[in-house]
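Chemist: Take this structure first; my questions come after.
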Amino acid sequence: MRQYELVERVTKYDPDADEDLLNRAYVYAMKAHGNQRRASGEAYFNHPLEVAAILTEMKLDSATIAAALLHDTVEDTAATHQEIEEKFGPDIAALVDGLTKIAKLDLVTKEAAQAENLRKLLLAMSRDVRVLLVKLADRLHNMRTLEYVKPEKRVRIAQETMDIYAPLAGRMGMQAVRDELEDIAFKVLNPDANKIILARLEKLHAESGGILKSIEQELTQKLAENGIKAEVHGREKRPYSIFRKMERKLLSLGQLSDIFGFRVIVGTVDQCYRALGIVHRTYRAVPGRFKDYISTPKQNDYRSIHTTVIGPHHMRVEMQIRTRLMHEIAERGVAAHAIYKDAPDAKEALDGFKSPAAESNAYRWLRHLVEMLQEGESPREFLEHTKLELFHDQVFCFTPKGKLIALPKGATPIDFAYAVHTSVGDSCVGAKVNGSHAPLVTELQNGDEVEIIRSDAQTPPAAWEGLAVTGKARAAIRRATRAAARKQFAGLGREIVEKMLAKLGKSYAEKEVAAAMPRLGHKNIDDALAAVGRGELSAIDVMKAMGLTIDDTKLKELRRKAPARKADAEELSVPVRGVSRTVALKIAPETGAVPGERIVGILMPGEGITIYPIFAKALEQFDNQPERWVDLAWDTGAEEQRFPARIKVSILNEVGSLAQVTQAISDLSGNIDALQMVAREGARDFFDLDITLEVHDLKHLNEIMASLRGKTAVSDVSRTTG
Ligand code: MN
């Protein structure tokens with residue numbers, strides 16, 4: 001086909017077509033594909049041109065035809081998305097982009113069992129219905145030229161067509177495309193069955209071939225006598241539809257008799273029912289085979305009356321009775337809607353769309369299409385504004401093995417991991433998206449291939465709950481964090497119980513502790529130890545349950561035994577001895593604590609352990625809970641680390657005082673983490689500074705405090721006791 005022929009075809013059904021656009025797209029694609037050849041040896045450009053031609057048969061708008069001409073340029077030539085956008089505008093560029101993205105999806109390699117989800121993926125990726133129309137035309141032409149492809153690849157492409165594209169065409173109501181795709185695929189996938197069925201058809205045809213012509217004539221005449229002008233077309237059924245029927249009904253080829261089908265096409269819905277009466281008066285109807293898809297259309301908007309009658313030679317004959325518009329819609333589906341809004345029976349034929357009965361979500365969009373149609377937009381506007389809203393709240397991603405995982409929009413690799421399996425989620429430490437490391441907060445996109453990096457040592461951090469969008473992931477993270485916390489508190493509880501026993505001169509024996517559990521109301525030892533760890537159960541009660549007695553003197557003795565020093569350090573990185581590393585440690589903010597100071601740990605239910613310097617006032621409130629005290633000692637070797645210490649500095653209220661203080665601190669390489677000025681009541685000449693320093697240890701802190709005391713502006717320096 002030549003350039004002018006293509007343009008002529010389009011202008012024939014669409015006088016307003018953008019001829020300039022068509023010409024430019026033709027030339028651009030022809031140049032871009034240059035000397036490229038197809039498997040058949042012909043010029044590659046023939047392919048996009050044929051795809052465009054198929055779409056002209058569907059009478060589609062110029063933008064769709066242009067997109068068809070350009071559909072392989074970005075994927076297969078030097079052309080870029082940017083260039084297409086500059087030359088043809090954002091609308092065409094978006095269409096081509098959609099097609100390029102689909103082309104990059106290697107669906108052939110994916111598991112066939114997931115065909116339904118793969119179809120959803122295609123729908124979700126084709127934001128514009130025209131992308132799908134071009135894709136189907138592309139596939140149709142590739143199937144028509146499949147014989148040139150190597151046998152092995154041929155089978156894979158045919159299978160993919162059978163699994164994904166043919167059903168998709170069916171869903172979109174494009175029966176003619178579906179039939180052709182299936183027929184070619186069937187021939188490739190099941191050549192023997194195809195051959196046998198063809199042979200049988202030939203035999204039946206020879207025996208009763210005249211039946212087609214005779215029924216056509218007889219029916220046309222009968223209908224005309226009753227004032228109905230009708231077209232009657234007889235045809236043999238396709239090998240693949242016969243094969244399916246044999247499979248479905250477990251029939252042998254010999255049992256198969258109704259291989260002829262007729263279509264009776266009339267003007268109005270009323271004539272459909274009158275024609276049905278005439279058919280049933282002319283031939284005997286087969287009971288149970290009557291279906292009225294006009295009063296109850298199929299979900300893809302298929303409408304027709306079906307009946308089976310006994311024709312000449314006692315052959316069963318299937319009849320489909322429908323109007324011209326119904327016929328167009330049955331053959332061309334979505335594409336037909338765009339063109340036929342002005343047809344005389346359009347209103348009547350389309351009204352059924354408003355019926356809310358049994359409408360599945362999957363076809364909401366189709367109704368939406370028709371509603372827009374009825375609002376009176378031109379076919380072109382109609383297509384342009386028809387965005388496929390289907391499945392847009394979902395993303396579809398793949399595992400490295402090709403398994404498809406459907407997730408809600410906004411899902412992250414964490415959701416993906418939990419969707420694969422809870423154990424994968426619980427052990428997830430990282431992810432690769434399309435082969436590259438990606439943060440776990442990455443929002444997944446359609447078609448992403450996600451590989452989860454796992455470690456058995458991992459426990460999901462509680463913060464992940466905020467990163468996950470799926471309920472499954474959130475619940476699993478909560479469960480895992482709870483379990484980890486319980487384990488941590490059980491460890492802590494055991495240490496507390498061990499220490500308490502040690503103070504009483506006993507050693508820890510699991511059996512003895514376990515024996516005391518029932519008396520404490522806990523089923524197992526871990527639960528009880530976790531309760532001790534959380535501070536819900538006192539270690540003294542555990543001692544009592546074990547039959548050990550503690551007198552008052554001993555109780556007092558158990559209190560302040562901790563060798564304490566002071567320090568502040570970040571949570572979890574406090575270098576102390578005397579407690580398991582799995583316990584969360586925090587330095588008391590009221591005082592700080594630095595290495596060199598005597599420190600003591602206080603168990604905080606639900607939080608872990610807070611470290612206080614031994615002089616902290618806050619410790620008084622724990623005097624009666626010796627079981628919450630944990631002996632701790634600094635374990636510093638790393639001089640780099642700094643710890644918080646809070647001090648109070650009184651200074652003269654005059655210019656330069658504050659500068660003296662900050663200078664003294666920085667001269668000794670102390671850091672000021674926080675500084676607050678507090679006016680002193682009744683002493684206008686002085687200010688108190690509340691400073692949180694970051695220092696290496698007690699020696700460092702003392703040097704700074706001594707230096708501050710030597711400053712003229714400083715009247716007093718002291719450690720904050722909380
Ligand atoms: Mn192509």
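Labeling convention for the structure tokens: chains A, B, ... as they appear, residues from 1 per chain, ligands from 1 in order of appearance.
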Could you give me, as a Markdown table, every chain A residue with an atom at most 10 Å from ligand 1, plus its closest atom pair and distance in Å to one decimal, counting only C-alpha atoms and all ligand atoms, rows ordered by chain then number?

Modeler:
```
| residue | atom | partner | partner_atom_place_in_ligand_line | distance |
| --- | --- | --- | --- | --- |
| A:Tyr44 | CA | ligand 1 | 1 (Mn) | 9.5 |
| A:Phe45 | CA | ligand 1 | 1 (Mn) | 9.8 |
| A:His47 | CA | ligand 1 | 1 (Mn) | 6.7 |
| A:Pro48 | CA | ligand 1 | 1 (Mn) | 6.3 |
| A:Leu49 | CA | ligand 1 | 1 (Mn) | 9.9 |
| A:Glu50 | CA | ligand 1 | 1 (Mn) | 9.8 |
| A:Val51 | CA | ligand 1 | 1 (Mn) | 7.8 |
| A:Ala68 | CA | ligand 1 | 1 (Mn) | 8.4 |
| A:Leu69 | CA | ligand 1 | 1 (Mn) | 9.3 |
| A:Leu70 | CA | ligand 1 | 1 (Mn) | 9.2 |
| A:His71 | CA | ligand 1 | 1 (Mn) | 6.4 |
| A:Asp72 | CA | ligand 1 | 1 (Mn) | 5.4 |
| A:Thr73 | CA | ligand 1 | 1 (Mn) | 9.1 |
| A:Glu75 | CA | ligand 1 | 1 (Mn) | 9.2 |
| A:Asp76 | CA | ligand 1 | 1 (Mn) | 9.2 |
| A:Leu99 | CA | ligand 1 | 1 (Mn) | 8.9 |
| A:Thr100 | CA | ligand 1 | 1 (Mn) | 9.5 |
| A:Ala103 | CA | ligand 1 | 1 (Mn) | 8.1 |
| A:Val134 | CA | ligand 1 | 1 (Mn) | 9.1 |
| A:Lys135 | CA | ligand 1 | 1 (Mn) | 7.8 |
| A:Leu136 | CA | ligand 1 | 1 (Mn) | 9.8 |
| A:Ala137 | CA | ligand 1 | 1 (Mn) | 8.8 |
| A:Asp138 | CA | ligand 1 | 1 (Mn) | 5.1 |
| A:Arg139 | CA | ligand 1 | 1 (Mn) | 7.2 |
| A:Leu140 | CA | ligand 1 | 1 (Mn) | 9.7 |
| A:His141 | CA | ligand 1 | 1 (Mn) | 8.2 |
| A:Asn142 | CA | ligand 1 | 1 (Mn) | 7.2 |
```

Chemist: Just want the 12 Å neighbourhood of Ser436 (chain A), counted on only C-alpha atoms, with same-chain residues fewer than 4 positions away dropped. Output as a list in words.

Modeler: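 Result of the neighbour search: Gly430, Ala431, Lys432, Thr442, Asp448, Glu449, Val450, Glu451, Ile452 and Ile453 of chain A.
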
Chemist: Output the selection as a CSV table (one decimal), in the first residue's frame - N, CA and C atoms for each residue.

Modeler:
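selection35.csv, written as the output of this step:
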```
chain,number,residue,atom,x,y,z
A,430,GLY,N,16.2,-6.2,51.7
A,430,GLY,CA,16.5,-5.2,50.6
A,430,GLY,C,15.7,-5.7,49.4
A,431,ALA,N,15.8,-4.9,48.3
A,431,ALA,CA,15.2,-5.3,47.1
A,431,ALA,C,15.9,-4.8,45.9
A,432,LYS,N,15.8,-5.6,44.8
A,432,LYS,CA,16.2,-5.1,43.5
A,432,LYS,C,15.0,-5.0,42.6
A,442,THR,N,10.4,2.4,47.7
A,442,THR,CA,10.1,2.6,46.3
A,442,THR,C,8.7,2.2,46.0
A,448,ASP,N,7.1,-4.1,36.8
A,448,ASP,CA,8.4,-4.1,37.5
A,448,ASP,C,8.7,-5.6,37.9
A,449,GLU,N,10.0,-6.0,37.7
A,449,GLU,CA,10.4,-7.3,38.2
A,449,GLU,C,11.1,-7.0,39.5
A,450,VAL,N,10.6,-7.7,40.6
A,450,VAL,CA,11.1,-7.4,41.9
A,450,VAL,C,11.8,-8.6,42.5
A,451,GLU,N,13.1,-8.4,42.9
A,451,GLU,CA,13.8,-9.5,43.6
A,451,GLU,C,14.0,-9.1,45.0
A,452,ILE,N,13.6,-10.0,46.0
A,452,ILE,CA,13.7,-9.7,47.4
A,452,ILE,C,15.0,-10.2,47.9
A,453,ILE,N,15.8,-9.4,48.6
A,453,ILE,CA,17.0,-9.9,49.2
A,453,ILE,C,16.7,-10.2,50.6
```

Chemist: Name the residues in contact with region 224-228 of chain A at a cut-off of 9 Å, using only C-alpha atoms, excluding same-chain residues fewer than 2 positions from it; report them as a ChimeraX atom specification.

Modeler: /A:219-222,230,266-267,271,274-275,278

Chemist: Store the residues of this selection in a file with N, CA and C atoms, as a tab-separated table (two decimals), in the first residue's frame.

Modeler:
```
chain	number	residue	atom	x	y	z
A	219	LEU	N	-34.91	-18.71	3.54
A	219	LEU	CA	-35.17	-17.78	4.65
A	219	LEU	C	-35.36	-16.35	4.17
A	220	THR	N	-34.50	-15.91	3.24
A	220	THR	CA	-34.60	-14.55	2.73
A	220	THR	C	-35.99	-14.33	2.13
A	221	GLN	N	-36.46	-15.33	1.42
A	221	GLN	CA	-37.75	-15.21	0.75
A	221	GLN	C	-38.89	-15.16	1.76
A	222	LYS	N	-38.88	-16.09	2.74
A	222	LYS	CA	-39.92	-16.13	3.76
A	222	LYS	C	-40.01	-14.81	4.52
A	230	ALA	N	-34.05	-8.67	4.94
A	230	ALA	CA	-32.98	-9.24	5.77
A	230	ALA	C	-31.84	-9.75	4.91
A	266	VAL	N	-31.17	-7.91	10.35
A	266	VAL	CA	-32.36	-7.13	10.02
A	266	VAL	C	-32.19	-5.70	10.47
A	267	GLY	N	-33.26	-4.88	10.31
A	267	GLY	CA	-33.14	-3.45	10.59
A	267	GLY	C	-33.35	-3.05	12.03
A	271	GLN	N	-37.95	-6.28	14.44
A	271	GLN	CA	-37.83	-7.25	13.35
A	271	GLN	C	-37.07	-8.50	13.79
A	274	ARG	N	-39.66	-10.74	15.28
A	274	ARG	CA	-40.56	-11.24	14.23
A	274	ARG	C	-39.84	-12.27	13.37
A	275	ALA	N	-38.57	-12.01	13.08
A	275	ALA	CA	-37.79	-12.95	12.27
A	275	ALA	C	-37.63	-14.29	13.01
A	278	ILE	N	-40.65	-16.37	12.47
A	278	ILE	CA	-40.67	-16.93	11.12
A	278	ILE	C	-39.71	-18.12	11.01
```

Chemist: Would you list the contacts of Ala516 (chain A) as a list in words, taking every protein, DNA or RNA residue within 8 Å and counting only C-alpha atoms, but skipping same-chain residues closer than 5 positions in sequence?

Modeler: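 Result of the neighbour search: Val542, Ala545 and Met546 of chain A.
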
Chemist: Deliver the residues from the most recent selection as a file, using N, CA, C and O atoms, as an mmCIF file, in the first residue's frame.

Modeler:
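File result-v4.cif, as written:
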```
data_model
loop_
_atom_site.group_PDB
_atom_site.id
_atom_site.type_symbol
_atom_site.label_atom_id
_atom_site.label_comp_id
_atom_site.auth_asym_id
_atom_site.auth_seq_id
_atom_site.Cartn_x
_atom_site.Cartn_y
_atom_site.Cartn_z
ATOM 1 N N VAL A 542 8.930 -13.728 91.389
ATOM 2 C CA VAL A 542 9.452 -14.979 90.825
ATOM 3 C C VAL A 542 10.216 -15.744 91.904
ATOM 4 O O VAL A 542 10.060 -16.961 92.057
ATOM 5 N N ALA A 545 7.755 -17.283 94.189
ATOM 6 C CA ALA A 545 7.100 -18.435 93.563
ATOM 7 C C ALA A 545 8.028 -19.643 93.549
ATOM 8 O O ALA A 545 7.588 -20.796 93.540
ATOM 9 N N MET A 546 9.329 -19.352 93.533
ATOM 10 C CA MET A 546 10.301 -20.450 93.551
ATOM 11 C C MET A 546 10.564 -20.937 94.969
ATOM 12 O O MET A 546 11.380 -21.829 95.194
#
```

Chemist: Let me make sure I understand: among A:Val149, A:Leu325, A:Ile599, A:Ile525, which one has the smallest atom-to-atom distance to Gly41 (chain A) if we use only C-alpha atoms?

Modeler: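 Among the listed residues, A:Val149 lies closest to Gly41 (chain A).
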
Chemist: Please extract the residues of region 413-513 of chain A with a backbone DSSP assignment of strand (DSSP E or B) and present them as a VMD selection string.

Modeler: chain A and resid 428 to 433 436 to 438 449 to 454

Chemist: Using DSSP on the backbone coordinates, identify the residues of region 392-455 of chain A assigned to helix (DSSP H, G or I); present them as a list of chain:residue names.

Modeler: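 Matching residues for helix (DSSP H, G or I) in region 392-455 of chain A are A:Pro413, A:Ile414, A:Asp415, A:Phe416, A:Ala417, A:Tyr418, A:Ala419, A:Val420, A:Thr422, A:Ser423, A:Val424, A:Gly425, A:Asp426.
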
Chemist: Write the selection just made, keeping all heavy atoms, as a compact mmCIF listing (two decimals), in the first residue's frame?

Modeler:
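What ended up in selection_17.txt:
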```txt
# COMPACT_ATOMS: atom_id res chain seq x y z
N PRO A 413 8.26 -2.65 47.81
CA PRO A 413 8.84 -4.00 47.80
C PRO A 413 8.49 -4.79 49.07
O PRO A 413 8.44 -6.02 49.04
CB PRO A 413 10.35 -3.73 47.71
CG PRO A 413 10.44 -2.43 46.98
CD PRO A 413 9.27 -1.62 47.46
N ILE A 414 8.23 -4.10 50.17
CA ILE A 414 7.85 -4.80 51.41
C ILE A 414 6.51 -5.52 51.21
O ILE A 414 6.35 -6.68 51.57
CB ILE A 414 7.76 -3.81 52.59
CG1 ILE A 414 9.15 -3.20 52.85
CG2 ILE A 414 7.23 -4.49 53.83
CD1 ILE A 414 9.14 -2.04 53.82
N ASP A 415 5.56 -4.81 50.58
CA ASP A 415 4.27 -5.44 50.30
C ASP A 415 4.45 -6.63 49.36
O ASP A 415 3.83 -7.67 49.52
CB ASP A 415 3.34 -4.43 49.61
CG ASP A 415 2.95 -3.30 50.55
OD1 ASP A 415 2.33 -3.59 51.57
OD2 ASP A 415 3.29 -2.15 50.25
N PHE A 416 5.31 -6.41 48.36
CA PHE A 416 5.58 -7.46 47.39
C PHE A 416 6.10 -8.71 48.11
O PHE A 416 5.62 -9.82 47.89
CB PHE A 416 6.61 -6.96 46.37
CG PHE A 416 6.93 -7.93 45.28
CD1 PHE A 416 6.24 -7.92 44.08
CD2 PHE A 416 7.94 -8.88 45.45
CE1 PHE A 416 6.53 -8.82 43.08
CE2 PHE A 416 8.24 -9.79 44.45
CZ PHE A 416 7.53 -9.76 43.27
N ALA A 417 7.09 -8.50 49.01
CA ALA A 417 7.70 -9.62 49.72
C ALA A 417 6.66 -10.39 50.52
O ALA A 417 6.60 -11.62 50.47
CB ALA A 417 8.80 -9.11 50.65
N TYR A 418 5.80 -9.67 51.22
CA TYR A 418 4.78 -10.35 52.01
C TYR A 418 3.72 -11.01 51.12
O TYR A 418 3.13 -12.01 51.50
CB TYR A 418 4.13 -9.39 53.00
CG TYR A 418 4.94 -9.25 54.26
CD1 TYR A 418 5.69 -8.11 54.51
CD2 TYR A 418 4.98 -10.28 55.19
CE1 TYR A 418 6.46 -7.99 55.66
CE2 TYR A 418 5.75 -10.18 56.34
CZ TYR A 418 6.48 -9.03 56.58
OH TYR A 418 7.24 -8.93 57.71
N ALA A 419 3.49 -10.43 49.93
CA ALA A 419 2.52 -11.04 49.02
C ALA A 419 3.05 -12.37 48.50
O ALA A 419 2.29 -13.30 48.26
CB ALA A 419 2.21 -10.09 47.87
N VAL A 420 4.36 -12.47 48.33
CA VAL A 420 4.95 -13.73 47.86
C VAL A 420 4.80 -14.79 48.96
O VAL A 420 4.27 -15.86 48.72
CB VAL A 420 6.44 -13.55 47.49
CG1 VAL A 420 7.08 -14.89 47.18
CG2 VAL A 420 6.57 -12.62 46.29
N THR A 422 4.80 -14.94 53.65
CA THR A 422 5.09 -14.25 54.91
C THR A 422 6.55 -14.41 55.30
O THR A 422 7.19 -13.47 55.77
CB THR A 422 4.19 -14.80 56.03
OG1 THR A 422 2.84 -14.68 55.60
CG2 THR A 422 4.36 -14.00 57.31
N SER A 423 7.10 -15.61 55.05
CA SER A 423 8.50 -15.83 55.44
C SER A 423 9.44 -14.98 54.60
O SER A 423 10.51 -14.58 55.06
CB SER A 423 8.85 -17.31 55.29
OG SER A 423 8.84 -17.66 53.92
N VAL A 424 9.04 -14.69 53.35
CA VAL A 424 9.86 -13.82 52.50
C VAL A 424 9.83 -12.40 53.06
O VAL A 424 10.85 -11.71 53.14
CB VAL A 424 9.36 -13.84 51.04
CG1 VAL A 424 10.16 -12.87 50.18
CG2 VAL A 424 9.46 -15.25 50.46
N GLY A 425 8.65 -11.96 53.48
CA GLY A 425 8.52 -10.62 54.06
C GLY A 425 9.32 -10.49 55.35
O GLY A 425 10.07 -9.53 55.54
N ASP A 426 9.19 -11.49 56.22
CA ASP A 426 9.85 -11.42 57.52
C ASP A 426 11.37 -11.39 57.39
O ASP A 426 12.07 -10.86 58.25
CB ASP A 426 9.45 -12.61 58.40
CG ASP A 426 8.06 -12.43 58.99
OD1 ASP A 426 7.55 -11.28 58.94
OD2 ASP A 426 7.49 -13.41 59.51
```

Chemist: Of the candidates A:Ile611, A:Val155, A:Phe687, A:Ala593, which one gets nearest to Leu701 (chain A) if we count only C-alpha atoms?

Modeler: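 Of all the options, A:Ala593 lies closest to Leu701 (chain A).
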